[in-house]
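What follows is a short report on a single structure.
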There are 2 protein chains.
Amino acid sequence: VAVPARRDPVAVFDSGVGGLTVLHELLVSLPNEDFVYLGDTARFPYGDRSAEELEGLVIEVGARLLAQGAKLLVIACNSATAAGMAALQTLAATGIDVIGVVAPESQLAVEATRNGRIGLLGTRATVASGAYERALAAADPHVSLLPVACPDLAPIIQNGFPFDQRVVETVRSYCAPLKEAQVDTVILGCTHYPLVGPMLQRILGREVTLVSSGPAVARRVEHTLALRGLLSEAAGEGEYRFECTGDPDSFRSLGTRFLQMPLGDVRRVEVAGERVVT
Amino acid sequence: VAVPARRDPVAVFDSGVGGLTVLHELLVSLPNEDFVYLGDTARFPYGDRSAEELEGLVIEVGARLLAQGAKLLVIACNSATAAGMAALQTLAATGIDVIGVVAPESQLAVEATRNGRIGLLGTRATVASGAYERALAAADPHVSLLPVACPDLAPIIQNGFPFDQRVVETVRSYCAPLKEAQVDTVILGCTHYPLVGPMLQRILGREVTLVSSGPAVARRVEHTLALRGLLSEAAGEGEYRFECTGDPDSFRSLGTRFLQMPLGDVRRVEVAGERVVT
């Protein structure tokens with residue numbers, strides 16, 4: 001087992017391009033680090049799969065990234081975090097930390113709320129998993145969560161560009177129960193949602209704090225690397241590169257909107273058949 | 001002369017689509033207000049014109065918007081603010097406030113800096129005008145400004161999407177003197193620049209505060225409307241609509257990236273020949 005080193009990259013993993021909103025924040029917050037991003041686009045979307053199936057996929061992809069020598073692994077996907085976090089932490093019990101999106105976002109939401117009423121927008125799988133309820137209860141038992149399943153939102157964001165009035169109507173309909181319940185903090189429980197962040201803020205009003213995965217994860221990654229003595233000591237900006245299991249061209253063309261920076265080379269990789277038995 | 005009323009729209013004016021980054025922030029910060037945006041795209045770009053010529057254009061377009069019954073006028077263009085603000089304030093001496101981008105941004109920069117060293121990225125015209133130097137000196141005589149003219153940056157942002165490595169190199173070259181001078185605050189002196197905000201933040205480091213026109217203008221518009229008793233009392237989100245002097249289709253297709261919200265209808269208008277003599 002290799003010992004993680006400061007110069008190793010941080011690995012970021014998602015079912016598709018959504019996790020690029022998390023990588024975006026990591027690139028801005030931790031400019032000296034190197035990153036490798038793997039999008040399991042061949043098996044996108046994860047949101048409709050069973051928890052058992054998801055766990056298998058997460059272990060498979062996670063094992064690949066760990067074998068490449070990452071010093072830390074980020075699961076930048078809410079469905080995968082909810083279903084596969086525990087199993088992957090076991091797999092990574094070799095000194096590599098695994099960070100998902102649920103716990104860091106829940107922590108930020110608890111810090112942000114003043115009236116104790118927190119809303120959640122997420123896919124059906126994420127809402128059904130109850131993962132945010134558990135993470136919030138662990139962070140602060142005296143908050144209440146109003147979860148809203150948004151089955152149409154991630155697809156409309158991924159395919160519906162440029163945004164039209166229909167997108168606004170969809171976002172508004174999902175916000176209605178949150179406004180009604182007078183939540184003062186809303187967790188964006190899907191990495192796609194920051195792309196409609198301005199629309200959400202306009203509809204919900206600026207008194208409402210939006211908590212998204214990127215800043216929450218970036219903070220926790222930095223804390224963890226600092227604690228382990230693993231922060232990069234390189235001068236200047238680090239490198240970042242991309243792997244995906246599906247078509248690299250569509251990954252690149254879709255991904256730019258999510259990353260807001262040049263994507264450069266995207267390499268196609270195979271992960272099927274590399275499944276690791278725990 | 002009509003007296004401005006709470007239900008009147010706020011007018012926002014720019015030479016092109018860049019001012020949509022300012023409108024974006026206004027839509028998020030002041031969701032109940034109505035807005036009308038005019039892009040003088042037929043005469044874009046303003047950055048290469050003489051101060052005298054610019055003053056004429058600003059008066060012409062401003063007069064049109066005032067005649068339509070706006071309760072406040074925002075000049076969301078740095079070149080136009082630098083050259084035409086004074087003339088337009090005279091023209092608007094009828095109880096309509098005119099807000100440009102230079103003074104609000106300078107105020108925010110003075111609030112943000114700790115070491116007193118402020119950088120400016122802007123077009124050649126904006127840097128040559130010395131407008132930011134004057135506004136900063138008025139807000140706080142004990143700060144220094146390092147201006148960097150970025151002739152290639154606005155065109156590359158407007159035409160270079162998706163961003164490639166060349167954009168990163170261009171941004172990095174303009175940042176070099178700012179890093180060297182150890183400024184802790186950088187004014188984005190062009191409404192196009194927020195689109196490379198994440199790139200700038202990554203290159204400059206997150207200890208550097210970026211000040212852009214949108215939040216600065218939104219804050220001042222709100223203060224002004226509140227002071228005048230002109231804030232909208234409407235419930236729900238307001239309306240917004242677009243006019244441009246050039247081709248509406250290219251305005252719409254370019255504009256979406258800058259507004260980050262649906263543009264809806266864009267109407268072509270004529271302003272030449274409506275020049276008002278002051």
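In the structure tokens, the first chain shown is A, the next is B, and so on; residue numbers restart at 1 for each chain, and ligands run from 1 in the order shown.
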Please return, as an mmCIF file with N, CA, C and O atoms, in the first residue's frame, all residues of chain A lying within 12 Å of chain B when only C-alpha atoms are considered.
data_model
loop_
_atom_site.group_PDB
_atom_site.id
_atom_site.type_symbol
_atom_site.label_atom_id
_atom_site.label_comp_id
_atom_site.auth_asym_id
_atom_site.auth_seq_id
_atom_site.Cartn_x
_atom_site.Cartn_y
_atom_site.Cartn_z
ATOM 1 N N THR A 21 -19.035 21.141 -11.030
ATOM 2 C CA THR A 21 -19.289 22.340 -10.208
ATOM 3 C C THR A 21 -18.518 22.250 -8.888
ATOM 4 O O THR A 21 -18.149 23.266 -8.318
ATOM 5 N N LEU A 23 -15.550 20.446 -8.682
ATOM 6 C CA LEU A 23 -14.163 20.647 -9.113
ATOM 7 C C LEU A 23 -13.880 22.127 -9.348
ATOM 8 O O LEU A 23 -12.804 22.638 -9.005
ATOM 9 N N HIS A 24 -14.854 22.821 -9.928
ATOM 10 C CA HIS A 24 -14.722 24.266 -10.143
ATOM 11 C C HIS A 24 -14.301 24.971 -8.857
ATOM 12 O O HIS A 24 -13.351 25.757 -8.828
ATOM 13 N N GLU A 25 -15.033 24.687 -7.790
ATOM 14 C CA GLU A 25 -14.740 25.356 -6.519
ATOM 15 C C GLU A 25 -13.388 24.910 -5.960
ATOM 16 O O GLU A 25 -12.651 25.718 -5.390
ATOM 17 N N LEU A 26 -13.050 23.638 -6.149
ATOM 18 C CA LEU A 26 -11.743 23.152 -5.695
ATOM 19 C C LEU A 26 -10.606 23.860 -6.441
ATOM 20 O O LEU A 26 -9.583 24.215 -5.850
ATOM 21 N N LEU A 27 -10.793 24.086 -7.742
ATOM 22 C CA LEU A 27 -9.755 24.755 -8.541
ATOM 23 C C LEU A 27 -9.559 26.197 -8.087
ATOM 24 O O LEU A 27 -8.447 26.729 -8.137
ATOM 25 N N VAL A 28 -10.652 26.841 -7.665
ATOM 26 C CA VAL A 28 -10.568 28.229 -7.210
ATOM 27 C C VAL A 28 -10.015 28.307 -5.790
ATOM 28 O O VAL A 28 -9.189 29.163 -5.476
ATOM 29 N N SER A 29 -10.453 27.388 -4.928
ATOM 30 C CA SER A 29 -10.077 27.453 -3.508
ATOM 31 C C SER A 29 -8.696 26.857 -3.235
ATOM 32 O O SER A 29 -8.010 27.288 -2.318
ATOM 33 N N LEU A 30 -8.321 25.854 -3.995
ATOM 34 C CA LEU A 30 -7.046 25.159 -3.770
ATOM 35 C C LEU A 30 -6.243 25.143 -5.070
ATOM 36 O O LEU A 30 -6.011 24.087 -5.672
ATOM 37 N N PRO A 31 -5.824 26.341 -5.537
ATOM 38 C CA PRO A 31 -5.228 26.435 -6.876
ATOM 39 C C PRO A 31 -3.918 25.667 -7.036
ATOM 40 O O PRO A 31 -3.551 25.341 -8.165
ATOM 41 N N ASN A 32 -3.230 25.368 -5.948
ATOM 42 C CA ASN A 32 -1.928 24.695 -6.083
ATOM 43 C C ASN A 32 -2.024 23.186 -6.176
ATOM 44 O O ASN A 32 -1.020 22.517 -6.447
ATOM 45 N N GLU A 33 -3.196 22.623 -5.920
ATOM 46 C CA GLU A 33 -3.349 21.173 -5.942
ATOM 47 C C GLU A 33 -3.511 20.653 -7.379
ATOM 48 O O GLU A 33 -4.040 21.341 -8.249
ATOM 49 N N ILE A 157 -31.494 21.006 -16.646
ATOM 50 C CA ILE A 157 -30.255 21.788 -16.576
ATOM 51 C C ILE A 157 -29.223 21.217 -17.548
ATOM 52 O O ILE A 157 -28.537 21.947 -18.252
ATOM 53 N N GLY A 160 -31.115 21.616 -21.239
ATOM 54 C CA GLY A 160 -31.961 22.748 -21.615
ATOM 55 C C GLY A 160 -31.241 24.056 -21.741
ATOM 56 O O GLY A 160 -31.730 25.062 -21.236
ATOM 57 N N PHE A 161 -30.100 24.060 -22.422
ATOM 58 C CA PHE A 161 -29.382 25.318 -22.523
ATOM 59 C C PHE A 161 -29.488 25.869 -23.923
ATOM 60 O O PHE A 161 -29.377 25.102 -24.877
ATOM 61 N N PRO A 162 -29.671 27.183 -24.155
ATOM 62 C CA PRO A 162 -29.847 28.212 -23.125
ATOM 63 C C PRO A 162 -31.195 28.072 -22.399
ATOM 64 O O PRO A 162 -32.169 27.632 -22.997
ATOM 65 N N PHE A 163 -31.195 28.482 -21.147
ATOM 66 C CA PHE A 163 -32.396 28.370 -20.342
ATOM 67 C C PHE A 163 -33.526 29.229 -20.903
ATOM 68 O O PHE A 163 -33.311 30.358 -21.306
ATOM 69 N N ASP A 164 -34.733 28.664 -20.927
ATOM 70 C CA ASP A 164 -35.886 29.446 -21.358
ATOM 71 C C ASP A 164 -36.885 29.572 -20.199
ATOM 72 O O ASP A 164 -36.611 29.157 -19.077
ATOM 73 N N GLN A 165 -38.031 30.133 -20.516
ATOM 74 C CA GLN A 165 -39.016 30.426 -19.481
ATOM 75 C C GLN A 165 -39.511 29.144 -18.798
ATOM 76 O O GLN A 165 -39.877 29.150 -17.623
ATOM 77 N N ARG A 166 -39.480 28.026 -19.539
ATOM 78 C CA ARG A 166 -39.916 26.753 -18.976
ATOM 79 C C ARG A 166 -39.021 26.345 -17.804
ATOM 80 O O ARG A 166 -39.479 25.771 -16.812
ATOM 81 N N VAL A 167 -37.732 26.643 -17.918
ATOM 82 C CA VAL A 167 -36.809 26.336 -16.817
ATOM 83 C C VAL A 167 -37.193 27.159 -15.582
ATOM 84 O O VAL A 167 -37.228 26.646 -14.460
ATOM 85 N N VAL A 168 -37.487 28.432 -15.805
ATOM 86 C CA VAL A 168 -37.882 29.285 -14.681
ATOM 87 C C VAL A 168 -39.137 28.735 -14.009
ATOM 88 O O VAL A 168 -39.222 28.655 -12.780
ATOM 89 N N GLU A 169 -40.121 28.318 -14.832
ATOM 90 C CA GLU A 169 -41.377 27.787 -14.272
ATOM 91 C C GLU A 169 -41.111 26.526 -13.454
ATOM 92 O O GLU A 169 -41.697 26.332 -12.383
ATOM 93 N N VAL A 171 -38.267 25.613 -11.952
ATOM 94 C CA VAL A 171 -37.569 25.989 -10.719
ATOM 95 C C VAL A 171 -38.565 26.605 -9.734
ATOM 96 O O VAL A 171 -38.566 26.278 -8.540
ATOM 97 N N ARG A 172 -39.459 27.459 -10.243
ATOM 98 C CA ARG A 172 -40.408 28.136 -9.364
ATOM 99 C C ARG A 172 -41.341 27.126 -8.690
ATOM 100 O O ARG A 172 -41.661 27.259 -7.508
ATOM 101 N N ALA A 176 -41.860 26.481 -4.515
ATOM 102 C CA ALA A 176 -43.107 26.898 -3.858
ATOM 103 C C ALA A 176 -43.245 26.329 -2.438
ATOM 104 O O ALA A 176 -43.500 27.096 -1.492
ATOM 105 N N LYS A 179 -40.875 28.130 -0.030
ATOM 106 C CA LYS A 179 -41.305 29.487 0.324
ATOM 107 C C LYS A 179 -42.429 29.414 1.362
ATOM 108 O O LYS A 179 -42.444 30.159 2.338
ATOM 109 N N PRO A 194 -26.224 24.249 -9.000
ATOM 110 C CA PRO A 194 -25.615 25.584 -8.984
ATOM 111 C C PRO A 194 -25.790 26.361 -10.291
ATOM 112 O O PRO A 194 -25.757 27.584 -10.292
ATOM 113 N N LEU A 195 -26.038 25.645 -11.408
ATOM 114 C CA LEU A 195 -26.244 26.355 -12.677
ATOM 115 C C LEU A 195 -27.550 27.161 -12.687
ATOM 116 O O LEU A 195 -27.692 28.081 -13.495
ATOM 117 N N VAL A 196 -28.490 26.814 -11.827
ATOM 118 C CA VAL A 196 -29.685 27.655 -11.692
ATOM 119 C C VAL A 196 -29.672 28.403 -10.358
ATOM 120 O O VAL A 196 -30.700 28.920 -9.919
ATOM 121 N N GLY A 197 -28.489 28.503 -9.760
ATOM 122 C CA GLY A 197 -28.357 29.205 -8.481
ATOM 123 C C GLY A 197 -28.906 30.629 -8.515
ATOM 124 O O GLY A 197 -29.687 31.008 -7.633
ATOM 125 N N PRO A 198 -28.551 31.428 -9.532
ATOM 126 C CA PRO A 198 -29.066 32.799 -9.574
ATOM 127 C C PRO A 198 -30.596 32.837 -9.678
ATOM 128 O O PRO A 198 -31.251 33.678 -9.063
ATOM 129 N N MET A 199 -31.143 31.919 -10.468
ATOM 130 C CA MET A 199 -32.601 31.830 -10.610
ATOM 131 C C MET A 199 -33.248 31.469 -9.274
ATOM 132 O O MET A 199 -34.258 32.062 -8.876
ATOM 133 N N LEU A 200 -32.669 30.493 -8.583
ATOM 134 C CA LEU A 200 -33.170 30.093 -7.263
ATOM 135 C C LEU A 200 -33.118 31.265 -6.285
ATOM 136 O O LEU A 200 -34.062 31.514 -5.539
ATOM 137 N N GLN A 201 -32.002 31.979 -6.307
ATOM 138 C CA GLN A 201 -31.853 33.090 -5.366
ATOM 139 C C GLN A 201 -32.891 34.170 -5.642
ATOM 140 O O GLN A 201 -33.460 34.739 -4.711
ATOM 141 N N ARG A 202 -33.149 34.433 -6.924
ATOM 142 C CA ARG A 202 -34.149 35.440 -7.291
ATOM 143 C C ARG A 202 -35.543 35.008 -6.846
ATOM 144 O O ARG A 202 -36.321 35.813 -6.344
ATOM 145 N N ILE A 203 -35.872 33.732 -7.018
ATOM 146 C CA ILE A 203 -37.206 33.241 -6.688
ATOM 147 C C ILE A 203 -37.392 33.130 -5.168
ATOM 148 O O ILE A 203 -38.441 33.494 -4.633
ATOM 149 N N LEU A 204 -36.355 32.636 -4.483
ATOM 150 C CA LEU A 204 -36.477 32.426 -3.036
ATOM 151 C C LEU A 204 -36.289 33.715 -2.251
ATOM 152 O O LEU A 204 -36.759 33.832 -1.117
ATOM 153 N N GLY A 205 -35.615 34.676 -2.844
ATOM 154 C CA GLY A 205 -35.306 35.922 -2.139
ATOM 155 C C GLY A 205 -33.923 35.838 -1.531
ATOM 156 O O GLY A 205 -33.457 34.777 -1.145
ATOM 157 N N ARG A 206 -33.255 36.982 -1.428
ATOM 158 C CA ARG A 206 -31.843 36.916 -1.030
ATOM 159 C C ARG A 206 -31.661 36.696 0.471
ATOM 160 O O ARG A 206 -30.535 36.501 0.926
ATOM 161 N N GLU A 207 -32.744 36.728 1.249
ATOM 162 C CA GLU A 207 -32.620 36.410 2.678
ATOM 163 C C GLU A 207 -32.342 34.923 2.859
ATOM 164 O O GLU A 207 -31.925 34.490 3.938
ATOM 165 N N VAL A 208 -32.635 34.143 1.834
ATOM 166 C CA VAL A 208 -32.425 32.697 1.921
ATOM 167 C C VAL A 208 -30.986 32.361 1.521
ATOM 168 O O VAL A 208 -30.501 32.823 0.497
ATOM 169 N N ALA A 235 4.429 25.740 -6.068
ATOM 170 C CA ALA A 235 4.155 27.141 -6.386
ATOM 171 C C ALA A 235 3.340 27.174 -7.679
ATOM 172 O O ALA A 235 3.472 26.293 -8.532
ATOM 173 N N GLY A 236 2.513 28.171 -7.828
ATOM 174 C CA GLY A 236 1.740 28.306 -9.061
ATOM 175 C C GLY A 236 0.571 27.344 -9.114
ATOM 176 O O GLY A 236 0.353 26.547 -8.200
ATOM 177 N N GLU A 237 -0.183 27.421 -10.211
ATOM 178 C CA GLU A 237 -1.383 26.606 -10.329
ATOM 179 C C GLU A 237 -1.049 25.147 -10.650
ATOM 180 O O GLU A 237 -0.148 24.872 -11.421
ATOM 181 N N GLY A 238 -1.828 24.250 -10.056
ATOM 182 C CA GLY A 238 -1.656 22.833 -10.323
ATOM 183 C C GLY A 238 -2.248 22.418 -11.659
ATOM 184 O O GLY A 238 -2.777 23.231 -12.411
ATOM 185 N N ARG A 252 -16.785 16.797 -22.975
ATOM 186 C CA ARG A 252 -16.129 18.107 -23.077
ATOM 187 C C ARG A 252 -17.125 19.209 -23.394
ATOM 188 O O ARG A 252 -17.123 20.264 -22.775
ATOM 189 N N SER A 253 -18.017 18.944 -24.360
ATOM 190 C CA SER A 253 -18.939 20.020 -24.764
ATOM 191 C C SER A 253 -19.952 20.321 -23.666
ATOM 192 O O SER A 253 -20.308 21.478 -23.442
ATOM 193 N N LEU A 254 -20.397 19.292 -22.959
ATOM 194 C CA LEU A 254 -21.323 19.518 -21.851
ATOM 195 C C LEU A 254 -20.616 20.137 -20.644
ATOM 196 O O LEU A 254 -21.175 20.975 -19.936
ATOM 197 N N GLY A 255 -19.372 19.691 -20.449
ATOM 198 C CA GLY A 255 -18.688 19.991 -19.191
ATOM 199 C C GLY A 255 -18.301 21.446 -19.008
ATOM 200 O O GLY A 255 -18.223 21.932 -17.879
ATOM 201 N N THR A 256 -18.075 22.152 -20.118
ATOM 202 C CA THR A 256 -17.574 23.520 -20.015
ATOM 203 C C THR A 256 -18.490 24.422 -19.193
ATOM 204 O O THR A 256 -18.024 25.225 -18.393
ATOM 205 N N ARG A 257 -19.807 24.273 -19.403
ATOM 206 C CA ARG A 257 -20.763 25.083 -18.649
ATOM 207 C C ARG A 257 -20.660 24.826 -17.152
ATOM 208 O O ARG A 257 -20.922 25.709 -16.342
ATOM 209 N N PHE A 258 -20.333 23.605 -16.794
ATOM 210 C CA PHE A 258 -20.293 23.230 -15.384
ATOM 211 C C PHE A 258 -18.968 23.639 -14.738
ATOM 212 O O PHE A 258 -18.935 24.039 -13.592
ATOM 213 N N LEU A 259 -17.873 23.517 -15.490
ATOM 214 C CA LEU A 259 -16.550 23.825 -14.927
ATOM 215 C C LEU A 259 -16.249 25.321 -14.980
ATOM 216 O O LEU A 259 -15.545 25.841 -14.122
ATOM 217 N N GLN A 260 -16.770 26.018 -15.994
ATOM 218 C CA GLN A 260 -16.483 27.440 -16.202
ATOM 219 C C GLN A 260 -15.001 27.718 -16.401
ATOM 220 O O GLN A 260 -14.539 28.823 -16.129
ATOM 221 N N MET A 261 -14.260 26.711 -16.817
ATOM 222 C CA MET A 261 -12.848 26.865 -17.156
ATOM 223 C C MET A 261 -12.546 25.905 -18.297
ATOM 224 O O MET A 261 -13.347 25.000 -18.558
ATOM 225 N N PRO A 262 -11.400 26.080 -18.969
ATOM 226 C CA PRO A 262 -11.096 25.167 -20.074
ATOM 227 C C PRO A 262 -10.982 23.734 -19.580
ATOM 228 O O PRO A 262 -10.424 23.479 -18.514
ATOM 229 N N LEU A 263 -11.497 22.794 -20.367
ATOM 230 C CA LEU A 263 -11.425 21.393 -19.966
ATOM 231 C C LEU A 263 -10.168 20.698 -20.463
ATOM 232 O O LEU A 263 -9.694 19.762 -19.827
ATOM 233 N N GLY A 264 -9.639 21.121 -21.596
ATOM 234 C CA GLY A 264 -8.452 20.449 -22.123
ATOM 235 C C GLY A 264 -8.751 19.013 -22.506
ATOM 236 O O GLY A 264 -9.854 18.683 -22.934
ATOM 237 N N ASP A 265 -7.762 18.146 -22.333
ATOM 238 C CA ASP A 265 -7.905 16.752 -22.763
ATOM 239 C C ASP A 265 -8.835 15.956 -21.864
ATOM 240 O O ASP A 265 -8.802 16.082 -20.653
#
Distance query Ala82 (chain B) at most 10 Å, only C-alpha atoms, self and fewer than 4 positions along chain excluded, as a ChimeraX atom specification: /B:51,54-55,75,77-78,86,100-103,125-132
Secondary structure check, alpha helix (DSSP H) residues of region 189-237 of chain A, as a CSV table (one decimal) with C-alpha atoms, in the first residue's frame:
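Result went into selection14.csv, see below:
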chain,number,residue,atom,x,y,z
A,197,GLY,CA,-28.4,29.2,-8.5
A,198,PRO,CA,-29.1,32.8,-9.6
A,199,MET,CA,-32.6,31.8,-10.6
A,200,LEU,CA,-33.2,30.1,-7.3
A,201,GLN,CA,-31.9,33.1,-5.4
A,202,ARG,CA,-34.1,35.4,-7.3
A,203,ILE,CA,-37.2,33.2,-6.7
A,204,LEU,CA,-36.5,32.4,-3.0
A,213,SER,CA,-21.7,21.2,-2.7
A,214,GLY,CA,-18.7,23.0,-4.1
A,215,PRO,CA,-17.8,25.4,-1.3
A,216,ALA,CA,-18.8,22.8,1.3
A,217,VAL,CA,-16.6,20.1,-0.1
A,218,ALA,CA,-13.7,22.5,-0.8
A,219,ARG,CA,-13.6,23.6,2.8
A,220,ARG,CA,-13.6,20.0,4.0
A,221,VAL,CA,-10.9,18.9,1.6
A,222,GLU,CA,-8.7,21.7,2.7
A,223,HIS,CA,-9.2,20.9,6.4
A,224,THR,CA,-8.5,17.2,5.8
A,225,LEU,CA,-5.3,17.8,3.7
A,226,ALA,CA,-4.1,20.3,6.3
A,227,LEU,CA,-4.7,17.9,9.2
A,228,ARG,CA,-2.9,15.0,7.4
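Nearest-residue note for Pro4 (chain B): choosing from B:Ala42, B:Leu153, B:Leu73, B:Leu120, the minimum distance belongs to B:Leu73, counting only C-alpha atoms.
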Surrounding residues of region 145-148 of chain A excluding itself and chain neighbours under 2 positions, 12 Å, only C-alpha atoms, as a ChimeraX atom specification: /A:106,109-110,113,115-137,140-143,150-153,171,173-190
Restricting it to C-alpha atoms, dump the selection as a JSON list (two decimals), in the first residue's frame.
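What landed in part.json:
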[["chain", "number", "residue", "atom", "x", "y", "z"],
["A", 106, "SER", "CA", -25.28, 19.58, 6.04],
["A", 109, "ALA", "CA", -26.54, 24.46, 6.32],
["A", 110, "VAL", "CA", -26.58, 24.12, 10.10],
["A", 113, "THR", "CA", -29.71, 28.73, 9.39],
["A", 115, "ASN", "CA", -34.73, 29.91, 12.19],
["A", 116, "GLY", "CA", -33.81, 26.20, 12.10],
["A", 117, "ARG", "CA", -35.86, 25.53, 8.95],
["A", 118, "ILE", "CA", -33.76, 24.03, 6.18],
["A", 119, "GLY", "CA", -35.00, 23.08, 2.72],
["A", 120, "LEU", "CA", -33.53, 20.43, 0.43],
["A", 121, "LEU", "CA", -33.78, 20.23, -3.35],
["A", 122, "GLY", "CA", -32.58, 16.89, -4.70],
["A", 123, "THR", "CA", -33.20, 13.98, -7.03],
["A", 124, "ARG", "CA", -35.74, 11.33, -6.05],
["A", 125, "ALA", "CA", -32.96, 8.91, -5.04],
["A", 126, "THR", "CA", -31.23, 11.48, -2.84],
["A", 127, "VAL", "CA", -34.45, 12.53, -1.12],
["A", 128, "ALA", "CA", -35.57, 8.90, -0.66],
["A", 129, "SER", "CA", -32.23, 7.90, 0.87],
["A", 130, "GLY", "CA", -32.78, 10.10, 3.93],
["A", 131, "ALA", "CA", -29.04, 10.81, 3.94],
["A", 132, "TYR", "CA", -29.44, 14.56, 4.51],
["A", 133, "GLU", "CA", -31.88, 14.01, 7.41],
["A", 134, "ARG", "CA", -29.30, 11.81, 9.11],
["A", 135, "ALA", "CA", -26.38, 14.13, 8.45],
["A", 136, "LEU", "CA", -28.32, 17.17, 9.65],
["A", 137, "ALA", "CA", -29.48, 15.37, 12.79],
["A", 140, "ASP", "CA", -27.60, 19.63, 15.00],
["A", 141, "PRO", "CA", -30.69, 17.75, 16.26],
["A", 142, "HIS", "CA", -32.61, 21.03, 16.58],
["A", 143, "VAL", "CA", -33.21, 21.79, 12.92],
["A", 150, "CYS", "CA", -37.08, 17.53, -8.20],
["A", 151, "PRO", "CA", -37.15, 14.77, -10.83],
["A", 152, "ASP", "CA", -37.14, 17.20, -13.78],
["A", 153, "LEU", "CA", -34.48, 19.63, -12.63],
["A", 171, "VAL", "CA", -37.57, 25.99, -10.72],
["A", 173, "SER", "CA", -42.69, 25.12, -8.88],
["A", 174, "TYR", "CA", -40.04, 23.29, -6.84],
["A", 175, "CYS", "CA", -39.43, 26.40, -4.75],
["A", 176, "ALA", "CA", -43.11, 26.90, -3.86],
["A", 177, "PRO", "CA", -43.20, 24.49, -0.86],
["A", 178, "LEU", "CA", -39.91, 25.95, 0.43],
["A", 179, "LYS", "CA", -41.30, 29.49, 0.32],
["A", 180, "GLU", "CA", -44.50, 28.32, 1.98],
["A", 181, "ALA", "CA", -42.54, 26.70, 4.83],
["A", 182, "GLN", "CA", -40.40, 29.85, 5.23],
["A", 183, "VAL", "CA", -37.09, 28.01, 5.23],
["A", 184, "ASP", "CA", -34.12, 30.38, 5.53],
["A", 185, "THR", "CA", -31.53, 27.95, 4.14],
["A", 186, "VAL", "CA", -31.75, 25.66, 1.10],
["A", 187, "ILE", "CA", -29.38, 22.79, 0.39],
["A", 188, "LEU", "CA", -28.76, 22.23, -3.33],
["A", 189, "GLY", "CA", -28.69, 18.46, -3.08],
["A", 190, "CYS", "CA", -27.47, 17.84, -6.61]]
Excluding region 65-71 of chain A and residues on its chain fewer than 6 positions from it, collect all residues at most 7 Å away from it, counting only C-alpha atoms, and give them as a ChimeraX atom specification. /A:4-5,8-11,96
Pick the closest to Val58 (chain B) from B:Val271, B:Thr191, B:Asn159, B:Leu20: which is it, counting only C-alpha atoms? B:Val271
Ranking B:Val17, B:Val36, B:Ala112, B:Leu72 by minimum distance to Arg241 (chain B) and counting only C-alpha atoms, which one comes first? B:Val36
Counting only C-alpha atoms, the residue of B:Leu38, B:Ala149, B:Leu108, B:Ile156 that sits nearest Thr170 (chain B): B:Ile156
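Here CA of Asp40 (chain B) and CA of Glu60 (chain B) stand 10.5 Å from one another.
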Non-local contacts of Gly16 (chain A) (8 Å; only C-alpha atoms; under 2 positions in same chain excluded) as a PyMOL selection string: chain A and resi 14+18-19+39-41+44-45+251
So that I can check the secondary structure, give me every residue of region 131-177 of chain A assigned strand (DSSP E or B) by backbone DSSP, as a list of chain:residue names. A:Ser144, A:Leu145, A:Leu146, A:Pro147, A:Val148, A:Ala149
Export of the given selection (all heavy atoms) as a compact mmCIF listing (two decimals), in the first residue's frame:
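Below you can see part-v2.txt, which holds the result:
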# COMPACT_ATOMS: atom_id res chain seq x y z
N SER A 144 -35.09 21.44 11.42
CA SER A 144 -36.03 20.60 10.68
C SER A 144 -35.71 20.68 9.20
O SER A 144 -35.23 21.71 8.70
CB SER A 144 -37.47 21.06 10.94
OG SER A 144 -37.71 22.25 10.24
N LEU A 145 -35.94 19.60 8.48
CA LEU A 145 -35.63 19.56 7.05
C LEU A 145 -36.90 19.35 6.25
O LEU A 145 -37.70 18.46 6.54
CB LEU A 145 -34.66 18.41 6.74
CG LEU A 145 -34.25 18.32 5.26
CD1 LEU A 145 -33.34 19.48 4.90
CD2 LEU A 145 -33.56 17.00 4.95
N LEU A 146 -37.08 20.19 5.22
CA LEU A 146 -38.17 20.00 4.27
C LEU A 146 -37.56 19.55 2.94
O LEU A 146 -36.99 20.37 2.22
CB LEU A 146 -38.96 21.31 4.07
CG LEU A 146 -40.11 21.18 3.08
CD1 LEU A 146 -41.24 20.33 3.66
CD2 LEU A 146 -40.63 22.55 2.67
N PRO A 147 -37.66 18.27 2.61
CA PRO A 147 -37.06 17.80 1.36
C PRO A 147 -38.06 17.92 0.20
O PRO A 147 -39.23 17.62 0.36
CB PRO A 147 -36.77 16.32 1.65
CG PRO A 147 -37.61 15.94 2.84
CD PRO A 147 -38.25 17.17 3.40
N VAL A 148 -37.58 18.37 -0.95
CA VAL A 148 -38.41 18.46 -2.15
C VAL A 148 -37.71 17.67 -3.27
O VAL A 148 -36.60 18.03 -3.67
CB VAL A 148 -38.60 19.93 -2.60
CG1 VAL A 148 -39.40 20.00 -3.89
CG2 VAL A 148 -39.30 20.74 -1.50
N ALA A 149 -38.35 16.61 -3.74
CA ALA A 149 -37.79 15.83 -4.84
C ALA A 149 -38.04 16.58 -6.16
O ALA A 149 -39.15 17.03 -6.43
CB ALA A 149 -38.43 14.45 -4.90
